[in-house]
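S.K.: First the structure, then my questions, so here it is.
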Protein chains: 2
Amino acid sequence: MSSLRDVAERARVAVSTASAALNGTRPVAAATKRRIEQAAAELGYRPNVLARGLVSKRTRILALLFPAPHSGFGLTEMQFATAAAEAAKERGYHLLLSPEHDDPVEELRYLTGLGLVDGVLVMEVKLADERTEWLAEAGVPFSMIGRTGEPDAVDHADIDFTRMAADAVAHLAGLGHRSMAFFNHAIGAYSAQYGPAIRAGAEFAAAAGEAGLGYVGDLRASTADEGREAFERLVAAHPEVTALAVMSDQAAVGVIAAVAERGWQIPRDLTLMLVLSSARVAEMFHPRLTTLEPPSAELGRLGAGMLIDRLEDGDGEPRQRLVPCRLVVGDSSATPRNPESEAAR
Amino acid sequence: MSSLRDVAERARVAVSTASAALNGTRPVAAATKRRIEQAAAELGYRPNVLARGLVSKRTRILALLFPAPHSGFGLTEMQFATAAAEAAKERGYHLLLSPEHDDPVEELRYLTGLGLVDGVLVMEVKLADERTEWLAEAGVPFSMIGRTGEPDAVDHADIDFTRMAADAVAHLAGLGHRSMAFFNHAIGAYSAQYGPAIRAGAEFAAAAGEAGLGYVGDLRASTADEGREAFERLVAAHPEVTALAVMSDQAAVGVIAAVAERGWQIPRDLTLMLVLSSARVAEMFHPRLTTLEPPSAELGRLGAGMLIDRLEDGDGEPRQRLVPCRLVVGDSSATPRNPESEAAR
DNA sequence: TTGAAAGCGCTAACAG
DNA sequence: CTGTTAGCGCTTTCAA
């Protein structure tokens with residue numbers, strides 16, 4: 001690889017002049033500049049990132065903190081990563097994939113101590129998250145995909161849960177449903193701190209209330225068996241429910257099986273929708289399920305973008321964006337069974 | 001961040017001695033070494049990667065070339081990436097996620113010119129791949145997850161397709177099946193160069209022949225509709241077939257629908273298995289499908305590992321590993337319908 | 001408008 | 001066994 005010195009020699013100028021010409025750091029005579037640029041082109045010169053970073057203290061490398069895969073891990077996280085990498089690339093940055101293990105904070109300390117990264121992108125943020133706390137304290141620039149319980153001062157991109165629930169409820173109400181249920185993730189070590197589960201639960205209850213729909217929100221399921229069981233309990237306790245929104249793909253599998261066993265059909269006897277799952281997953285089902293698809297790629301892109309903004313524009317007010325989900329209507333949505341009796345209640 | 005000079009001052013030695021003590025580059029008196037180590041610990045010293053890389057020409061950063069998502073993209077690629085990142089981390093390396101766009105070679109030229117990465121991990125390798133050709137020519141260390149048509153001299157980790165097909169056929173033969181079909185991916189701009197599709201097709205034919213099973217291998221499907229249609233044609237032309245292996249998840253959806261419409265049941269009337277799909281996907285189906293699960297994480301780990309080996313051990317013979325798939329038997333496998341008539345042929 | 005010189009933090013000869 | 005010196009490739013004063 002040719003260095004700046006080679007370029008300078010070939011253009012018969014000093015290294016500092018070559019540097020200035022190529023970076024526009026200070027005025028350089030037009031003719032000189034042209035000579036330098038041509039020399040650089042002829043040599044196929046690429047500035048060495050390490051040397052540049054060593055003096056400028058900026059590497060244009062971002063780290064994406066990658067949690068060890070818990071239960072459900074998949075397309076969504078994938079899209080965060082690829083979208084973030086692409087957004088970074090478009091702005092001349094690089095993305096380092098940084099897996100986490102048992103001691104995230106220690107690893108963060110190590111990672112940032114290397115002098116290798118300018119900032120950190122945090123995903124799978126928990127409501128109380130030691131990583132973001134440490135980053136804030138250490139003064140390391142970062143942004144979140146998702147958000148903590150108190151994200152006021154922190155840059156983040158997250159799903160607009162309020163709007164998501166409103167869209168879902170509007171969809172169901174528009175079909176004529178008067179009563180719905182929502183199966184949240186099962187309570188576990190993870191989901192207790194999992195923002196999407198908590199926010200979705202709260203927002204669905206609120207949205208249903210606001211729209212005047214009957215609402216059953218106390219059932220939870222994260223596996224096929226739990227889904228099956230929750231559905232049985234739902235039907236037994238709340239026969240008036242005609243529409244069901246489910247957070248977990250696996251739980252939906254169980255629900256569908258239970259529906260079939262009971263001799264019911266979707267969507268004739270039950271409108272079923274998947275919340276925060278991808279359309280690709282929804283197509284695996286039969287019938288193809290209606291889905292509220294998370295804007296994963298958009299969030300990844302935004303997360304990287306706002307981190308770069310912060311890095312370049314210095315301080316300023318927090319950058320925060322909430323993005324709605326996309327409602328993909330499948331073949332599992334229909335008018336409620338027995339609409340008359342429902343209306344007569 | 002404290003520098004090596006700070007450490008040296010605190011330990012009252014020269015910088016070079018501190019460096020030597022911390023890296024074990026040359027003998028240092030035990031007492032001196034202890035002083036230095038203590039000073040480093042007290043200061044929380046972390047060697048600066050950039051400075052080190054600038055002189056040593058080694059950054060311990062690997063780039064993972066990430067193709068723009070074509071049609072089917074998902075868990076598998078995700079697992080390559082995370083596993084590679086973890087393997088790298090365990091050996092003190094970092095993984096840079098490097099998305100590709102329209103001109104992979106130009107981007108590669110840029111990426112490697114930066115002096116930022118020591119080597120490149122290539123995934124989604126095509127049978128004839130301009131990227132690996134360029135890398136080989138440019139002398140950039142790299143390894144492949146997958147392999148080209150002529151991978152003899154190149155480090156790679158790939159699926160053992162021969163064994164995969166043999167395992168699948170043995171599973172079916174063991175259940176008593178005498179005749180099977182295989183639905184490959186539809187021929188497209190992509191799959192024409194897609195190693196797994198080509199290799200799987202060839203190996204299934206060979207394995208079936210070797211085991212004395214009837215074999216229908218000329219049907220292809222990559223979508224639900226194509227799957228449905230292929231299945232109809234299969235039944236019409238080859239009624240003796242009792243077992244079917246499918247490459248595409250989407251195609252399997254169509255097959256399952258067509259099976260049901262015909263009044264058949266899985267596995268009573270047809271044994272169905274998914275080839276190169278994950279168990280998590282298989283569980284979305286009802287019944288849970290038998291799957292040949294690709295060793296994605298293992299491949300990612302191996303790919304990163306052999307690249308690092310090459311980087312550290314210098315040259316040597318090519319490192320190549322073929323890893324078998326895992327056969328996960330689901331509820332879609334059973335003895336063939338009408339076993340007598342089959343045996344009587 | 002340009003060049004010379006210093007230095008980012010580290011490693012690697014080479015003396016002592 | 002340890003310290004001094006040089007230099008990786010670049011940016012950035014400071015003079016000219």
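To be explicit about the labels: the chains of the structure tokens are called A, B, and onward in the order shown, and within each one the residues are counted from 1, while ligands get numbers from 1 in the order they are shown.
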Output as a list in words the set of chain B residues within 6 Å of chain A, with distances taken over only C-alpha atoms.

M.R.: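 Output check: Arg46, Asn48, Val49, Leu50, Leu54, Gly74, Leu75, Met78, Leu95, Leu96, Leu97, Gly113, Leu114 and Gly115 of chain B.
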
S.K.: Can you list every residue in segment 36-276 of chain B that DSSP puts in helix (DSSP H, G or I), as a VMD selection string?

M.R.: chain B and resid 36 to 43 49 to 56 75 to 90 104 to 113 130 to 138 161 to 175 191 to 193 195 to 211 224 to 237 249 to 261

S.K.: Write a file of the selected residues as an mmCIF file, in the first residue's frame, keeping C-alpha atoms.

M.R.:
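The new file again.cif reads:
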```cif
data_model
loop_
_atom_site.group_PDB
_atom_site.id
_atom_site.type_symbol
_atom_site.label_atom_id
_atom_site.label_comp_id
_atom_site.auth_asym_id
_atom_site.auth_seq_id
_atom_site.Cartn_x
_atom_site.Cartn_y
_atom_site.Cartn_z
ATOM 1 C CA ILE B 36 5.224 -2.873 35.900
ATOM 2 C CA GLU B 37 2.239 -5.152 36.061
ATOM 3 C CA GLN B 38 1.109 -3.559 39.240
ATOM 4 C CA ALA B 39 1.465 -0.087 37.833
ATOM 5 C CA ALA B 40 -0.522 -1.143 34.804
ATOM 6 C CA ALA B 41 -3.242 -2.596 36.965
ATOM 7 C CA GLU B 42 -3.420 0.469 39.166
ATOM 8 C CA LEU B 43 -3.767 2.740 36.197
ATOM 9 C CA VAL B 49 -4.945 -0.899 19.449
ATOM 10 C CA LEU B 50 -4.256 1.767 16.886
ATOM 11 C CA ALA B 51 -0.732 2.518 17.993
ATOM 12 C CA ARG B 52 0.045 -1.142 18.270
ATOM 13 C CA GLY B 53 -1.448 -1.849 14.888
ATOM 14 C CA LEU B 54 0.401 0.990 13.271
ATOM 15 C CA VAL B 55 3.760 -0.504 14.041
ATOM 16 C CA SER B 56 2.970 -4.198 14.039
ATOM 17 C CA LEU B 75 -31.282 -17.242 11.158
ATOM 18 C CA THR B 76 -28.524 -19.092 9.410
ATOM 19 C CA GLU B 77 -26.603 -16.016 8.396
ATOM 20 C CA MET B 78 -27.211 -14.551 11.799
ATOM 21 C CA GLN B 79 -25.604 -17.550 13.390
ATOM 22 C CA PHE B 80 -22.584 -17.372 11.135
ATOM 23 C CA ALA B 81 -22.031 -13.826 12.203
ATOM 24 C CA THR B 82 -22.540 -14.223 15.919
ATOM 25 C CA ALA B 83 -20.572 -17.441 16.117
ATOM 26 C CA ALA B 84 -17.722 -15.952 14.117
ATOM 27 C CA ALA B 85 -17.705 -12.888 16.331
ATOM 28 C CA GLU B 86 -17.588 -15.006 19.449
ATOM 29 C CA ALA B 87 -14.870 -17.264 18.177
ATOM 30 C CA ALA B 88 -12.863 -14.205 17.205
ATOM 31 C CA LYS B 89 -13.400 -12.634 20.575
ATOM 32 C CA GLU B 90 -12.205 -15.726 22.380
ATOM 33 C CA PRO B 104 -18.130 -6.198 -4.040
ATOM 34 C CA VAL B 105 -14.632 -6.162 -5.468
ATOM 35 C CA GLU B 106 -14.318 -2.406 -5.395
ATOM 36 C CA GLU B 107 -15.571 -2.397 -1.830
ATOM 37 C CA LEU B 108 -13.091 -5.072 -0.955
ATOM 38 C CA ARG B 109 -10.309 -3.042 -2.456
ATOM 39 C CA TYR B 110 -11.366 -0.118 -0.321
ATOM 40 C CA LEU B 111 -11.783 -2.145 2.829
ATOM 41 C CA THR B 112 -8.451 -3.850 2.640
ATOM 42 C CA GLY B 113 -6.705 -0.652 1.602
ATOM 43 C CA GLU B 130 -15.138 -12.728 -7.886
ATOM 44 C CA ARG B 131 -14.503 -11.776 -4.304
ATOM 45 C CA THR B 132 -12.452 -14.789 -3.400
ATOM 46 C CA GLU B 133 -10.641 -14.579 -6.705
ATOM 47 C CA TRP B 134 -9.660 -11.017 -5.992
ATOM 48 C CA LEU B 135 -8.632 -11.786 -2.427
ATOM 49 C CA ALA B 136 -6.425 -14.635 -3.535
ATOM 50 C CA GLU B 137 -4.831 -12.499 -6.191
ATOM 51 C CA ALA B 138 -4.313 -9.559 -3.862
ATOM 52 C CA PHE B 161 -23.405 -32.474 1.803
ATOM 53 C CA THR B 162 -22.488 -36.065 1.072
ATOM 54 C CA ARG B 163 -23.040 -37.043 4.634
ATOM 55 C CA MET B 164 -26.142 -34.892 4.892
ATOM 56 C CA ALA B 165 -27.801 -36.652 1.986
ATOM 57 C CA ALA B 166 -26.694 -40.033 3.264
ATOM 58 C CA ASP B 167 -28.148 -39.309 6.690
ATOM 59 C CA ALA B 168 -31.426 -38.185 5.228
ATOM 60 C CA VAL B 169 -31.704 -41.182 2.951
ATOM 61 C CA ALA B 170 -30.762 -43.528 5.748
ATOM 62 C CA HIS B 171 -33.465 -42.010 7.911
ATOM 63 C CA LEU B 172 -36.069 -42.550 5.226
ATOM 64 C CA ALA B 173 -34.855 -46.007 4.280
ATOM 65 C CA GLY B 174 -34.817 -46.954 7.938
ATOM 66 C CA LEU B 175 -38.496 -46.107 8.143
ATOM 67 C CA SER B 191 -29.408 -20.390 -6.959
ATOM 68 C CA ALA B 192 -27.649 -21.169 -10.229
ATOM 69 C CA GLN B 193 -24.488 -20.209 -8.411
ATOM 70 C CA GLY B 195 -23.394 -24.091 -3.774
ATOM 71 C CA PRO B 196 -25.771 -25.662 -1.263
ATOM 72 C CA ALA B 197 -28.538 -26.029 -3.844
ATOM 73 C CA ILE B 198 -26.251 -27.572 -6.397
ATOM 74 C CA ARG B 199 -24.397 -29.828 -4.024
ATOM 75 C CA ALA B 200 -27.506 -30.949 -2.169
ATOM 76 C CA GLY B 201 -29.217 -31.854 -5.423
ATOM 77 C CA ALA B 202 -26.317 -33.942 -6.629
ATOM 78 C CA GLU B 203 -25.743 -35.635 -3.318
ATOM 79 C CA PHE B 204 -29.353 -36.582 -2.768
ATOM 80 C CA ALA B 205 -29.458 -38.263 -6.154
ATOM 81 C CA ALA B 206 -26.271 -40.134 -5.394
ATOM 82 C CA ALA B 207 -27.286 -41.166 -1.894
ATOM 83 C CA ALA B 208 -30.683 -42.398 -3.003
ATOM 84 C CA GLY B 209 -29.089 -44.392 -5.801
ATOM 85 C CA GLU B 210 -26.589 -45.935 -3.470
ATOM 86 C CA ALA B 211 -29.268 -46.930 -1.006
ATOM 87 C CA ALA B 224 -45.526 -21.726 -1.390
ATOM 88 C CA ASP B 225 -47.242 -21.733 -4.755
ATOM 89 C CA GLU B 226 -44.362 -23.483 -6.406
ATOM 90 C CA GLY B 227 -44.315 -25.999 -3.607
ATOM 91 C CA ARG B 228 -47.966 -26.742 -4.013
ATOM 92 C CA GLU B 229 -47.650 -27.110 -7.727
ATOM 93 C CA ALA B 230 -44.548 -29.269 -7.562
ATOM 94 C CA PHE B 231 -46.301 -31.542 -5.140
ATOM 95 C CA GLU B 232 -49.285 -31.956 -7.421
ATOM 96 C CA ARG B 233 -47.023 -32.843 -10.271
ATOM 97 C CA LEU B 234 -45.100 -35.248 -8.130
ATOM 98 C CA VAL B 235 -48.183 -37.143 -7.066
ATOM 99 C CA ALA B 236 -49.487 -37.272 -10.623
ATOM 100 C CA ALA B 237 -46.271 -38.506 -12.169
ATOM 101 C CA ASP B 249 -39.288 -23.351 3.988
ATOM 102 C CA GLN B 250 -41.741 -21.518 1.816
ATOM 103 C CA ALA B 251 -42.108 -24.442 -0.545
ATOM 104 C CA ALA B 252 -42.850 -26.672 2.435
ATOM 105 C CA VAL B 253 -45.747 -24.405 3.358
ATOM 106 C CA GLY B 254 -47.247 -25.025 -0.074
ATOM 107 C CA VAL B 255 -46.645 -28.740 0.081
ATOM 108 C CA ILE B 256 -48.365 -28.988 3.425
ATOM 109 C CA ALA B 257 -51.363 -27.099 2.134
ATOM 110 C CA ALA B 258 -51.576 -29.305 -0.947
ATOM 111 C CA VAL B 259 -51.303 -32.425 1.177
ATOM 112 C CA ALA B 260 -54.182 -31.268 3.324
ATOM 113 C CA GLU B 261 -56.353 -30.322 0.370
#
```

S.K.: Pick out the chain D residues within 12 Å of chain B. Count only C-alpha atoms (C1' of nucleotides). Give them as a list in words.

M.R.: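 Only these qualify: DC1, DT2, DG3, DT4, DT5, DA6, DG7, DC8, DG9 and DC10 of chain D.
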
S.K.: For a test of reading the model, state the distance in Å between atom CA of Val323 of chain A and atom CA of Asp155 of chain A, rounded to one decimal.

M.R.: 14.0 Å

S.K.: Dump as a tab-separated table (two decimals) with C-alpha atoms (C1' of nucleotides), in the first residue's frame the residues of chain C that approach chain A to within 12 Å, counting only C-alpha atoms (C1' of nucleotides).

M.R.:
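Written file, selection01.tsv:
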```
chain	number	residue	atom	x	y	z
C	1	DT	C1'	0.90	29.19	-0.26
C	2	DT	C1'	4.16	25.77	1.26
C	3	DG	C1'	7.73	23.08	4.09
C	4	DA	C1'	9.98	21.40	8.32
C	5	DA	C1'	9.34	19.41	12.62
C	7	DG	C1'	4.29	13.85	18.16
C	8	DC	C1'	-0.06	10.44	18.60
C	9	DG	C1'	1.23	5.34	21.56
C	10	DC	C1'	3.47	1.70	20.61
```

S.K.: Work out how far apart atom CA of Thr271 of chain A and atom CA of Thr291 of chain A are and give it in Å to one decimal.

M.R.: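 These atoms are spaced 11.5 Å apart.
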
S.K.: Segment 134-330 of chain B: which residues are strand (DSSP E) by DSSP, as a PyMOL selection string?

M.R.: chain B and resi 142-145+156-159+179-184+214-220+243-246+271-275+290-293+320-323+326-328
